[in-house]
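Enquirer: The structure file run_31.txt (compact mmCIF, C-alpha atoms and all ligand atoms) is provided below.
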```txt
# COMPACT_ATOMS: atom_id res chain seq x y z
CA MET K 1 -2.38 -14.88 -7.07
CA ILE K 2 -2.55 -15.27 -3.27
CA ALA K 3 -6.17 -15.32 -2.09
CA LEU K 4 -7.10 -12.54 0.33
CA ARG K 5 -10.45 -14.18 1.06
CA ILE K 6 -11.21 -17.74 2.12
CA LYS K 7 -14.60 -19.41 1.88
CA THR K 8 -16.08 -20.24 5.25
CA SER K 9 -19.08 -21.89 6.83
CA GLY K 10 -19.33 -18.70 8.91
CA LEU K 11 -20.10 -17.92 12.53
CA PRO K 12 -23.36 -16.66 14.08
CA LEU K 13 -22.54 -12.95 14.32
CA ASN K 14 -24.26 -9.60 14.68
CA GLU K 15 -21.15 -7.58 13.98
CA PRO K 16 -17.75 -8.13 12.32
CA LEU K 17 -15.35 -10.29 14.28
CA VAL K 18 -11.56 -10.48 14.10
CA VAL K 19 -9.76 -13.69 15.06
CA ARG K 20 -6.24 -15.05 14.76
CA LEU K 21 -6.02 -18.57 13.33
CA ARG K 22 -3.68 -20.94 15.17
CA SER K 23 -2.73 -24.55 14.61
CA HIS K 24 -1.77 -24.80 18.31
CA ILE K 25 -2.64 -22.51 21.18
CA ASP K 26 -0.08 -22.39 23.97
CA HIS K 27 -1.79 -19.86 26.14
CA ALA K 28 -5.29 -18.54 25.84
CA ASN K 29 -5.90 -15.39 23.84
CA GLN K 30 -9.53 -14.40 23.60
CA HIS K 31 -9.13 -13.56 19.90
CA GLU K 32 -7.65 -16.89 18.82
CA ALA K 33 -9.33 -19.75 17.00
CA CYS K 34 -7.68 -23.18 17.24
CA LEU K 35 -7.40 -25.75 14.45
CA LEU K 36 -9.42 -28.90 15.18
CA SER K 37 -9.00 -30.97 12.03
CA THR K 38 -8.30 -30.88 8.31
CA ALA K 39 -9.74 -33.09 5.59
CA GLU K 40 -10.14 -32.77 1.82
CA GLY K 41 -9.29 -29.09 1.60
CA VAL K 42 -11.41 -28.06 4.58
CA ALA K 43 -9.98 -26.95 7.93
CA GLU K 44 -12.21 -26.98 10.99
CA PHE K 45 -11.49 -24.44 13.75
CA ASP K 46 -12.88 -23.87 17.23
CA PHE K 47 -13.58 -20.39 18.57
CA HIS K 48 -14.91 -20.29 22.13
CA GLY K 49 -16.95 -23.45 21.60
CA PHE K 50 -18.23 -22.46 18.14
CA SER K 51 -16.80 -24.31 15.17
CA PHE K 52 -16.29 -22.97 11.68
CA ALA K 53 -14.81 -24.38 8.49
CA LEU K 54 -12.40 -22.74 6.05
CA GLU K 55 -11.83 -24.02 2.53
CA ILE K 56 -8.05 -24.13 2.36
CA GLU K 57 -5.67 -26.69 0.84
CA ASP K 58 -2.56 -25.70 2.78
CA VAL K 59 -3.65 -24.91 6.32
CA LYS K 60 -0.04 -24.11 7.34
CA SER K 61 -0.15 -21.14 4.97
CA ILE K 62 -2.73 -19.41 7.18
CA ASP K 63 -1.29 -20.26 10.60
CA GLY K 64 -1.08 -16.99 12.54
CA ASP K 65 -3.17 -15.04 10.02
CA VAL K 66 -5.59 -12.48 11.41
CA VAL K 67 -8.93 -12.75 9.64
CA MET K 68 -12.23 -10.92 9.79
CA PHE K 69 -15.68 -12.51 9.65
CA LEU K 70 -18.61 -10.38 8.53
CA PRO K 71 -22.16 -11.20 9.63
CA ASP K 72 -23.71 -13.56 7.08
CA GLY K 73 -20.41 -13.51 5.15
CA ARG K 74 -19.47 -16.59 3.17
CA SER K 75 -15.78 -15.73 3.22
CA VAL K 76 -13.25 -14.39 5.72
CA HIS K 77 -10.97 -11.47 4.88
CA ARG K 78 -7.29 -12.09 5.55
CA LEU K 79 -6.49 -8.74 7.16
CA ILE K 80 -2.98 -9.65 8.27
CA ARG K 81 -1.08 -12.57 6.79
CA ALA K 82 1.53 -13.79 9.23
CA ASN K 83 4.10 -14.64 6.56
CA SER K 84 3.77 -11.51 4.49
CA LYS K 85 5.49 -8.14 4.59
CA HIS K 86 2.64 -6.67 2.54
CA ASN K 87 -0.22 -6.20 4.97
CA THR K 88 -2.36 -3.18 4.21
CA LEU K 89 -5.67 -2.18 5.76
CA LEU K 90 -8.08 -0.54 3.36
CA VAL K 91 -9.76 1.71 5.92
CA THR K 92 -12.14 3.51 3.58
CA GLU K 93 -13.07 3.60 -0.09
CA GLN K 94 -14.11 7.24 0.04
CA CYS K 95 -11.81 9.85 -1.48
CA ASP K 96 -11.97 13.54 -2.32
CA GLN K 97 -9.65 13.23 -5.33
CA LEU K 98 -10.10 11.48 -8.67
CA CYS K 99 -6.57 10.70 -9.79
CA LEU K 100 -6.07 9.81 -13.44
CA MET K 101 -4.22 6.61 -12.51
CA CYS K 102 -6.15 5.67 -9.36
CA SER K 103 -5.95 1.91 -8.87
CA GLN K 104 -8.80 1.89 -6.33
CA PRO K 105 -11.51 4.25 -7.62
CA PRO K 106 -13.48 5.82 -4.78
CA LYS K 107 -16.91 4.76 -3.60
CA LYS K 108 -19.54 6.84 -1.85
CA HIS K 109 -20.18 4.68 1.18
CA HIS K 110 -17.94 4.12 4.15
CA PHE K 111 -18.05 1.14 6.50
CA ASP K 112 -16.41 1.98 9.80
CA LEU K 113 -14.25 -0.98 10.79
CA PHE K 114 -11.64 0.91 12.82
CA ASP K 115 -12.38 -1.09 15.98
CA GLN K 116 -11.85 -4.33 14.07
CA PHE K 117 -8.67 -2.95 12.49
CA ALA K 118 -7.33 -2.02 15.93
CA THR K 119 -7.88 -5.57 17.15
CA ALA K 120 -6.20 -6.94 14.03
CA VAL K 121 -3.11 -4.75 14.36
CA LYS K 122 -2.72 -5.71 18.01
CA LEU K 123 -2.68 -9.37 16.89
CA ALA K 124 -0.09 -8.77 14.15
CA PRO K 125 3.23 -10.66 14.18
CA ALA K 126 6.18 -9.06 15.96
CA ASP K 127 7.81 -6.05 14.33
CA ALA K 128 5.15 -5.77 11.62
CA THR K 129 4.74 -2.67 9.48
CA ILE K 130 1.06 -2.21 8.74
CA GLY K 131 0.04 -0.28 5.65
CA VAL K 132 -3.00 1.98 5.84
CA SER K 133 -4.65 2.83 2.58
CA GLY K 134 -7.90 3.84 0.91
CA GLY K 135 -9.62 5.79 -0.58
CA GLU K 136 -8.31 8.59 1.55
CA PRO K 137 -7.74 7.38 5.13
CA LEU K 138 -7.60 10.90 6.60
CA LEU K 139 -11.21 11.59 5.63
CA HIS K 140 -11.78 9.69 8.89
CA LYS K 141 -8.88 11.31 10.69
CA THR K 142 -10.20 11.20 14.25
CA ARG K 143 -11.09 7.51 14.07
CA LEU K 144 -7.83 6.73 12.28
CA PHE K 145 -5.60 8.63 14.70
CA ASN K 146 -7.39 7.03 17.68
CA MET K 147 -6.93 3.58 16.19
CA MET K 148 -3.26 4.19 15.45
CA THR K 149 -2.61 5.70 18.90
CA GLU K 150 -4.24 2.73 20.62
CA CYS K 151 -2.17 0.24 18.59
CA LEU K 152 1.11 2.14 18.91
CA GLN K 153 0.59 2.38 22.69
CA GLU K 154 -0.13 -1.31 23.09
CA ARG K 155 2.46 -2.62 20.63
CA SER K 156 5.82 -0.90 20.90
CA ASP K 157 7.21 -3.04 18.05
CA ILE K 158 4.81 -2.15 15.25
CA LYS K 159 4.97 0.64 12.68
CA PHE K 160 2.45 2.17 10.29
CA HIS K 161 2.87 3.27 6.69
CA VAL K 162 -0.07 5.56 5.86
CA LEU K 163 -0.89 6.50 2.27
CA THR K 164 -2.63 9.85 2.22
CA ASN K 165 -3.31 12.52 -0.36
CA GLY K 166 -2.19 15.10 2.20
CA GLN K 167 -5.36 17.18 1.94
CA HIS K 168 -6.76 16.77 5.43
CA LEU K 169 -4.11 17.79 7.93
CA SER K 170 -4.19 20.98 9.92
CA ARG K 171 -2.03 22.74 12.48
CA ALA K 172 -4.32 21.31 15.17
CA ASP K 173 -2.81 17.90 14.34
CA LEU K 174 0.71 19.00 15.26
CA PRO K 175 0.63 17.59 18.84
CA VAL K 176 -0.36 14.12 17.57
CA LEU K 177 1.92 14.17 14.55
CA SER K 178 4.92 15.22 16.61
CA SER K 179 4.26 12.81 19.49
CA SER K 180 6.80 10.11 20.22
CA LEU K 181 4.26 7.41 19.27
CA PHE K 182 3.89 8.86 15.78
CA ARG K 183 7.66 8.60 15.22
CA ARG K 184 6.72 5.10 14.12
CA VAL K 185 4.57 6.34 11.24
CA LEU K 186 5.76 6.85 7.68
CA TRP K 187 3.47 9.12 5.65
CA GLY K 188 3.33 8.23 1.95
CA VAL K 189 2.18 11.40 0.20
CA PRO K 190 1.76 11.80 -3.56
CA LEU K 191 3.22 14.80 -5.35
CA TYR K 192 2.99 14.64 -9.13
CA SER K 193 4.40 17.93 -10.29
CA GLU K 194 5.89 21.19 -9.02
CA ASN K 195 3.39 22.87 -11.31
CA ALA K 196 0.08 23.45 -9.52
CA ALA K 197 -2.06 23.09 -12.64
CA THR K 198 -0.43 19.79 -13.63
CA HIS K 199 -0.71 18.32 -10.13
CA ASP K 200 -4.35 19.42 -9.84
CA LEU K 201 -5.13 17.99 -13.28
CA ILE K 202 -3.63 14.62 -12.36
CA VAL K 203 -5.49 14.39 -9.04
CA GLY K 204 -8.72 15.83 -10.45
CA LYS K 205 -9.11 18.47 -7.74
CA PRO K 206 -8.63 22.24 -8.17
CA GLY K 207 -6.56 23.72 -5.34
CA ALA K 208 -5.15 20.34 -4.28
CA TYR K 209 -1.53 21.37 -4.89
CA GLU K 210 -1.72 24.47 -2.72
CA ARG K 211 -3.33 22.52 0.12
CA LEU K 212 -0.80 19.74 -0.23
CA CYS K 213 2.16 22.13 0.00
CA SER K 214 0.79 23.71 3.21
CA ASN K 215 0.16 20.30 4.72
CA LEU K 216 3.57 18.97 3.76
CA ALA K 217 4.96 21.92 5.70
CA ILE K 218 2.93 20.76 8.73
CA LEU K 219 4.44 17.28 8.43
CA GLY K 220 7.86 18.89 8.15
CA GLN K 221 7.25 21.01 11.23
CA ALA K 222 6.10 17.94 13.16
CA GLY K 223 9.31 16.11 12.23
CA SER K 224 7.27 13.36 10.55
CA SER K 225 8.83 10.78 8.24
CA VAL K 226 7.57 11.51 4.74
CA GLU K 227 7.81 9.36 1.64
CA LEU K 228 6.99 11.55 -1.35
CA ARG K 229 5.41 9.41 -4.05
CA THR K 230 5.36 10.31 -7.75
CA VAL K 231 3.64 8.01 -10.21
CA LEU K 232 5.22 8.41 -13.62
CA MET K 233 2.92 9.37 -16.45
CA ARG K 234 3.41 11.06 -19.77
CA GLU K 235 1.66 14.01 -18.11
CA ASN K 236 4.54 14.60 -15.70
CA VAL K 237 7.60 12.72 -16.88
CA GLU K 238 9.05 15.41 -19.12
CA LYS K 239 8.98 17.89 -16.22
CA LEU K 240 10.42 15.45 -13.72
CA LEU K 241 13.63 17.43 -13.43
CA SER K 242 11.71 20.53 -12.32
CA LEU K 243 9.91 18.44 -9.72
CA ALA K 244 13.25 17.02 -8.55
CA SER K 245 14.61 20.52 -8.19
CA PHE K 246 11.54 21.64 -6.20
CA ILE K 247 11.78 18.63 -3.88
CA SER K 248 15.49 19.03 -3.21
CA LYS K 249 15.08 22.73 -2.40
CA ASP K 250 11.67 22.99 -0.74
CA ILE K 251 10.83 19.55 0.67
CA SER K 252 14.29 18.49 1.75
CA PHE K 253 12.90 17.21 5.06
CA ALA K 254 11.33 14.24 3.20
CA SER K 255 12.87 10.89 4.03
CA VAL K 256 12.62 9.49 0.53
CA TRP K 257 11.33 10.27 -2.94
CA ALA K 258 9.62 7.24 -4.44
CA LEU K 259 9.22 7.15 -8.21
CA MET K 260 6.51 4.69 -9.15
CA GLN K 261 5.36 2.92 -12.28
CA MET K 262 1.63 2.78 -13.02
CA GLU K 263 -0.60 -0.11 -12.00
CA ASN K 264 -2.93 -1.13 -14.80
CA ILE K 265 -6.18 -1.32 -12.86
CA GLY K 266 -8.98 1.06 -11.87
CA PHE K 267 -8.83 4.41 -13.69
CA ALA K 268 -5.26 3.62 -14.80
CA ARG K 269 -6.56 0.86 -17.06
CA LYS K 270 -8.74 3.31 -18.93
CA ASN K 271 -5.92 5.88 -19.16
CA TRP K 272 -3.07 3.41 -19.74
CA ASN K 273 -2.51 4.02 -23.45
CA LYS K 274 -2.49 7.79 -22.92
CA GLN K 275 -0.47 7.87 -19.70
CA PHE K 276 1.85 4.86 -19.40
CA TYR K 277 5.47 5.93 -19.76
CA ASP K 278 7.74 3.12 -20.94
CA ASN K 279 11.01 3.69 -19.09
CA SER K 280 12.55 0.65 -20.82
CA LEU K 281 12.77 2.84 -23.95
CA ASP K 282 14.08 6.01 -22.30
CA PHE K 283 15.24 6.28 -18.70
CA LYS K 284 16.94 9.67 -19.14
CA PRO K 285 14.18 11.88 -17.64
CA ILE K 286 14.16 9.62 -14.59
CA SER K 287 17.92 9.31 -14.18
CA SER K 288 18.42 13.09 -14.49
CA ALA K 289 15.79 13.71 -11.81
CA MET K 290 17.25 11.00 -9.59
CA ASP K 291 20.78 12.41 -9.91
CA LEU K 292 19.60 15.84 -8.88
CA VAL K 293 17.71 14.63 -5.81
CA LEU K 294 20.43 12.18 -4.77
CA GLY K 295 22.96 15.00 -5.08
CA SER K 296 20.98 17.00 -2.54
CA GLY K 297 21.28 14.17 -0.03
CA LEU K 298 17.73 12.80 -0.28
CA GLU K 299 17.03 9.11 -0.71
CA VAL K 300 15.36 7.88 -3.88
CA ALA K 301 13.40 4.65 -4.41
CA LEU K 302 11.99 3.05 -7.55
CA TYR K 303 8.73 1.16 -7.03
CA ASN K 304 6.98 -1.14 -9.53
CA PHE K 305 9.80 -1.03 -12.10
CA PRO K 306 10.77 -4.44 -13.54
CA ARG K 307 14.48 -4.59 -12.69
CA CYS K 308 15.70 -5.09 -16.26
CA THR K 309 13.96 -1.90 -17.42
CA ILE K 310 16.32 0.12 -15.21
CA PRO K 311 19.89 0.91 -16.35
CA SER K 312 22.35 -1.06 -14.19
CA LYS K 313 23.68 2.09 -12.48
CA TYR K 314 20.25 2.73 -10.95
CA ARG K 315 19.07 -0.82 -10.22
CA ASN K 316 20.04 -0.69 -6.56
CA TYR K 317 17.36 1.94 -6.01
CA SER K 318 14.60 -0.45 -7.05
CA HIS K 319 12.44 -2.04 -4.37
CA GLN K 320 10.29 -5.14 -4.51
CA ALA K 321 7.27 -2.95 -3.92
CA ILE K 322 4.49 -4.96 -5.55
CA SER K 323 2.52 -6.77 -2.85
CA ASP K 324 3.10 -10.53 -2.93
CA TRP K 325 -0.60 -11.29 -3.45
CA LYS K 326 -0.75 -9.32 -6.72
CA GLN K 327 2.74 -9.96 -8.08
CA LYS K 328 3.56 -12.06 -11.13
CA PHE K 329 6.47 -12.78 -13.45
CA LEU K 330 6.42 -13.29 -17.22
CA PRO K 331 7.36 -16.55 -18.95
CA GLN K 332 10.68 -15.01 -20.03
CA CYS K 333 11.53 -14.28 -16.37
CA SER K 334 11.79 -17.96 -15.50
CA ASP K 335 15.48 -18.20 -16.49
CA CYS K 336 16.44 -14.74 -15.27
CA THR K 337 19.15 -14.78 -12.61
CA ASP K 338 17.85 -11.46 -11.25
CA GLN K 339 14.37 -12.72 -10.42
CA THR K 340 14.98 -12.86 -6.67
CA LYS K 341 15.95 -9.16 -6.72
CA CYS K 342 13.14 -8.12 -9.07
CA GLY K 343 9.71 -6.86 -8.04
CA GLY K 344 8.16 -8.31 -11.20
CA PHE K 345 4.80 -7.15 -12.50
CA PHE K 346 1.29 -6.55 -11.25
CA GLU K 347 -1.03 -9.51 -11.80
CA TRP K 348 -3.04 -7.36 -14.24
CA TYR K 349 -0.01 -6.03 -16.18
CA PRO K 350 -0.93 -5.99 -19.90
CA GLU K 351 1.81 -7.99 -21.59
CA ASP K 352 0.83 -6.92 -25.10
CA HIS K 353 1.07 -3.17 -24.44
CA GLY K 354 3.50 -2.70 -21.58
CA PHE K 355 7.31 -2.40 -21.41
CA GLU K 356 8.95 -3.03 -24.77
CA ASN K 357 12.31 -4.17 -23.45
CA ILE K 358 12.15 -6.98 -20.93
CA CYS K 359 15.57 -8.60 -21.02
CA PRO K 360 16.30 -11.58 -18.73
CA ASN K 361 19.74 -11.48 -17.13
S1 LIG V 401 13.45 -10.58 -16.93
FE1 LIG V 401 14.35 -10.61 -14.88
S2 LIG V 401 14.71 -8.50 -14.34
FE2 LIG V 401 13.32 -8.53 -16.10
S3 LIG V 401 11.30 -8.48 -15.24
FE3 LIG V 401 11.78 -10.62 -15.49
S4 LIG V 401 12.70 -11.26 -13.54
FE4 LIG V 401 12.68 -9.04 -13.58
```
Can you dump the structure from the file as structure tokens?
Ligand code: SF4
Expert:
Amino acid sequence: MIALRIKTSGLPLNEPLVVRLRSHIDHANQHEACLLSTAEGVAEFDFHGFSFALEIEDVKSIDGDVVMFLPDGRSVHRLIRANSKHNTLLVTEQCDQLCLMCSQPPKKHHFDLFDQFATAVKLAPADATIGVSGGEPLLHKTRLFNMMTECLQERSDIKFHVLTNGQHLSRADLPVLSSSLFRRVLWGVPLYSENAATHDLIVGKPGAYERLCSNLAILGQAGSSVELRTVLMRENVEKLLSLASFISKDISFASVWALMQMENIGFARKNWNKQFYDNSLDFKPISSAMDLVLGSGLEVALYNFPRCTIPSKYRNYSHQAISDWKQKFLPQCSDCTDQTKCGGFFEWYPEDHGFENICPN
């Protein structure tokens, strides 16, 4: 697994600090730290006359990374990895829902790091898409929108992909949402069922479905790009066709419908045996729903599905959606000719009670 934290000797700080690590500095950037030396798995950097050490074997692997130091912290957080397409900022751990399969169960406290995140995004590599996740990011909507606006204004090449439960928008947000800057934002919004009771049960919040539908309409009115996200569970898979029908008729402004396999961590680990749907045994509910939505002209994407668990007709819809730092392959994948096209498995995928049919190509 790729480490998202690196041990450090630290810097004398009163507040969090974001710096970009460079092996060479051509022209001065006040946020850059320059490599001084490496020896025995320790890289020494200079930042404005202060030196700090990072415990790293391959210093090239962090060249250009944007990291955050915390006061008294013994490790730096790799906020943006220069060689990765999977850079996501966890802007809060607070959430107002309690989804059955939540991979990041909410916490009560919030640490406001939006200023540091803004600095980090502005230091990101060219043409980066930055994920924004939580918790529920829009619980801190004003701070979030200000941070995004500042970054989108300063960096005309970057895009955001914001995961939100869609509960916290209002018509007052229409000017921001419909602004030309926010054309570069893709909103990933979960919808688990066309049945209000089922959706509310899955997200653990009465009334969530009704609120979500109104707020999806706001995104539609703003002309926002929307990625509808449906995690497959036994709770919703049998009614997937009804959901497909609802989406194709009533949310046809969405850019894409993403069908997602569960991630066995957080609440999902506890609920795995009850909720995991093994599509390697029966893909029919998924293919029927996909056919309906595709027929209406909407795009469909499959996230977190091992490629060989998808019938060949539908494999081109699968994406390598599992972030590189938490992706793994199984021993039987080593000879598979499809591995370069396959998203593989989450690091914490339970091999003894997961997909029954994993068939190397
Ligand atoms: S066997 Fe091949 S297609 Fe199946 S999960 Fe492994 S790499 Fe992916």
Enquirer: Can you tell me, as a VMD selection string, what residues are no more than 7 Å from region 332-349 of chain K when counting all atoms listed in the file, ignoring any on the same chain fewer than 5 positions away?
Expert: chain K and resid 263 to 265 304 306 to 307 319 to 322 326 to 327 360 to 361
Enquirer: Could you dump the residues just selected with C-alpha atoms as a PDB file, keeping the file's coordinate frame?
Expert:
```pdb
ATOM      1  CA  GLU K 263      -0.600  -0.110 -12.000  1.00  0.00           C
ATOM      2  CA  ASN K 264      -2.930  -1.130 -14.800  1.00  0.00           C
ATOM      3  CA  ILE K 265      -6.180  -1.320 -12.860  1.00  0.00           C
ATOM      4  CA  ASN K 304       6.980  -1.140  -9.530  1.00  0.00           C
ATOM      5  CA  PRO K 306      10.770  -4.440 -13.540  1.00  0.00           C
ATOM      6  CA  ARG K 307      14.480  -4.590 -12.690  1.00  0.00           C
ATOM      7  CA  HIS K 319      12.440  -2.040  -4.370  1.00  0.00           C
ATOM      8  CA  GLN K 320      10.290  -5.140  -4.510  1.00  0.00           C
ATOM      9  CA  ALA K 321       7.270  -2.950  -3.920  1.00  0.00           C
ATOM     10  CA  ILE K 322       4.490  -4.960  -5.550  1.00  0.00           C
ATOM     11  CA  LYS K 326      -0.750  -9.320  -6.720  1.00  0.00           C
ATOM     12  CA  GLN K 327       2.740  -9.960  -8.080  1.00  0.00           C
ATOM     13  CA  PRO K 360      16.300 -11.580 -18.730  1.00  0.00           C
ATOM     14  CA  ASN K 361      19.740 -11.480 -17.130  1.00  0.00           C
TER      15      ASN K 361
END
```
Enquirer: Emit as AutoDock Vina command-line options the padded axis-aligned box for all listed atoms of ligand LIG 401 (chain V), 8 Å per side, with centre and edge lengths in Å to one decimal.
Expert:
```
--center_x 13.0 --center_y -9.9 --center_z -15.2 --size_x 19.4 --size_y 18.8 --size_z 19.4
```
Enquirer: My list of candidates is K:His77, K:Pro311, K:Ile286, K:Asp352. Which is closest to ligand LIG 401 (chain V) when distances are computed with all atoms listed in the file?
Expert: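 Smallest separation from ligand LIG 401 (chain V) among the options: K:Pro311.
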Enquirer: Which residues come within 12 Å of Phe246 (chain K), counting all atoms listed in the file, excluding same-chain residues fewer than 3 positions away, as a PyMOL selection string?
Expert: chain K and resi 191-195+213+239-243+249-252+254+257+289+292-293+296
Enquirer: With all atoms listed in the file as the counted atoms, please give the residues lying no more than 6 Å from region 42-59 of chain K, apart from itself and same-chain residues fewer than 4 positions off, as a PyMOL selection string.
Expert: chain K and resi 7-10+33-38
Enquirer: Write the residues of the selection above to a file with C-alpha atoms, as a CSV table (one decimal), in the coordinates of the input.
Expert:
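What landed in selection_4.csv:
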```
chain,number,residue,atom,x,y,z
K,7,LYS,CA,-14.6,-19.4,1.9
K,8,THR,CA,-16.1,-20.2,5.2
K,9,SER,CA,-19.1,-21.9,6.8
K,10,GLY,CA,-19.3,-18.7,8.9
K,33,ALA,CA,-9.3,-19.8,17.0
K,34,CYS,CA,-7.7,-23.2,17.2
K,35,LEU,CA,-7.4,-25.8,14.4
K,36,LEU,CA,-9.4,-28.9,15.2
K,37,SER,CA,-9.0,-31.0,12.0
K,38,THR,CA,-8.3,-30.9,8.3
```
Enquirer: Tell me, in Å to one decimal, how far CA of Phe160 (chain K) is from CA of Asp173 (chain K).
Expert: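 A separation of 17.1 Å between them.
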Enquirer: Please indicate the distance in Å from CA of Asp282 (chain K) to CA of Phe355 (chain K), rounded to one decimal place.
Expert: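 Distance between the two atoms: 10.8 Å.
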Enquirer: Identify, on the basis of only C-alpha atoms, every residue whose closest approach to region 125-138 of chain K does not exceed 8 Å; exclude the query and any residue fewer than 2 positions from it along the same chain; express the result as a ChimeraX atom specification.
Expert: /K:64,82,85-96,104-107,121,123,140-141,144,157-165,168-169
Enquirer: Compile the contact shell of region 199-204 of chain K as a PyMOL selection string: residues with an atom at most 7 Å away, counting only C-alpha atoms, same-chain residues fewer than 5 positions apart removed.
Expert: chain K and resi 97-100+192-193+209
Enquirer: Rounded to one decimal, what separation in Å do you get between CA of Val176 (chain K) and CA of Val256 (chain K)?
Expert: 21.9 Å
Enquirer: Ranking K:Gly354, K:Ser61, K:Leu17, K:Val185 by minimum distance to Ala118 (chain K) and counting all atoms listed in the file, which one comes first?
Expert: K:Leu17
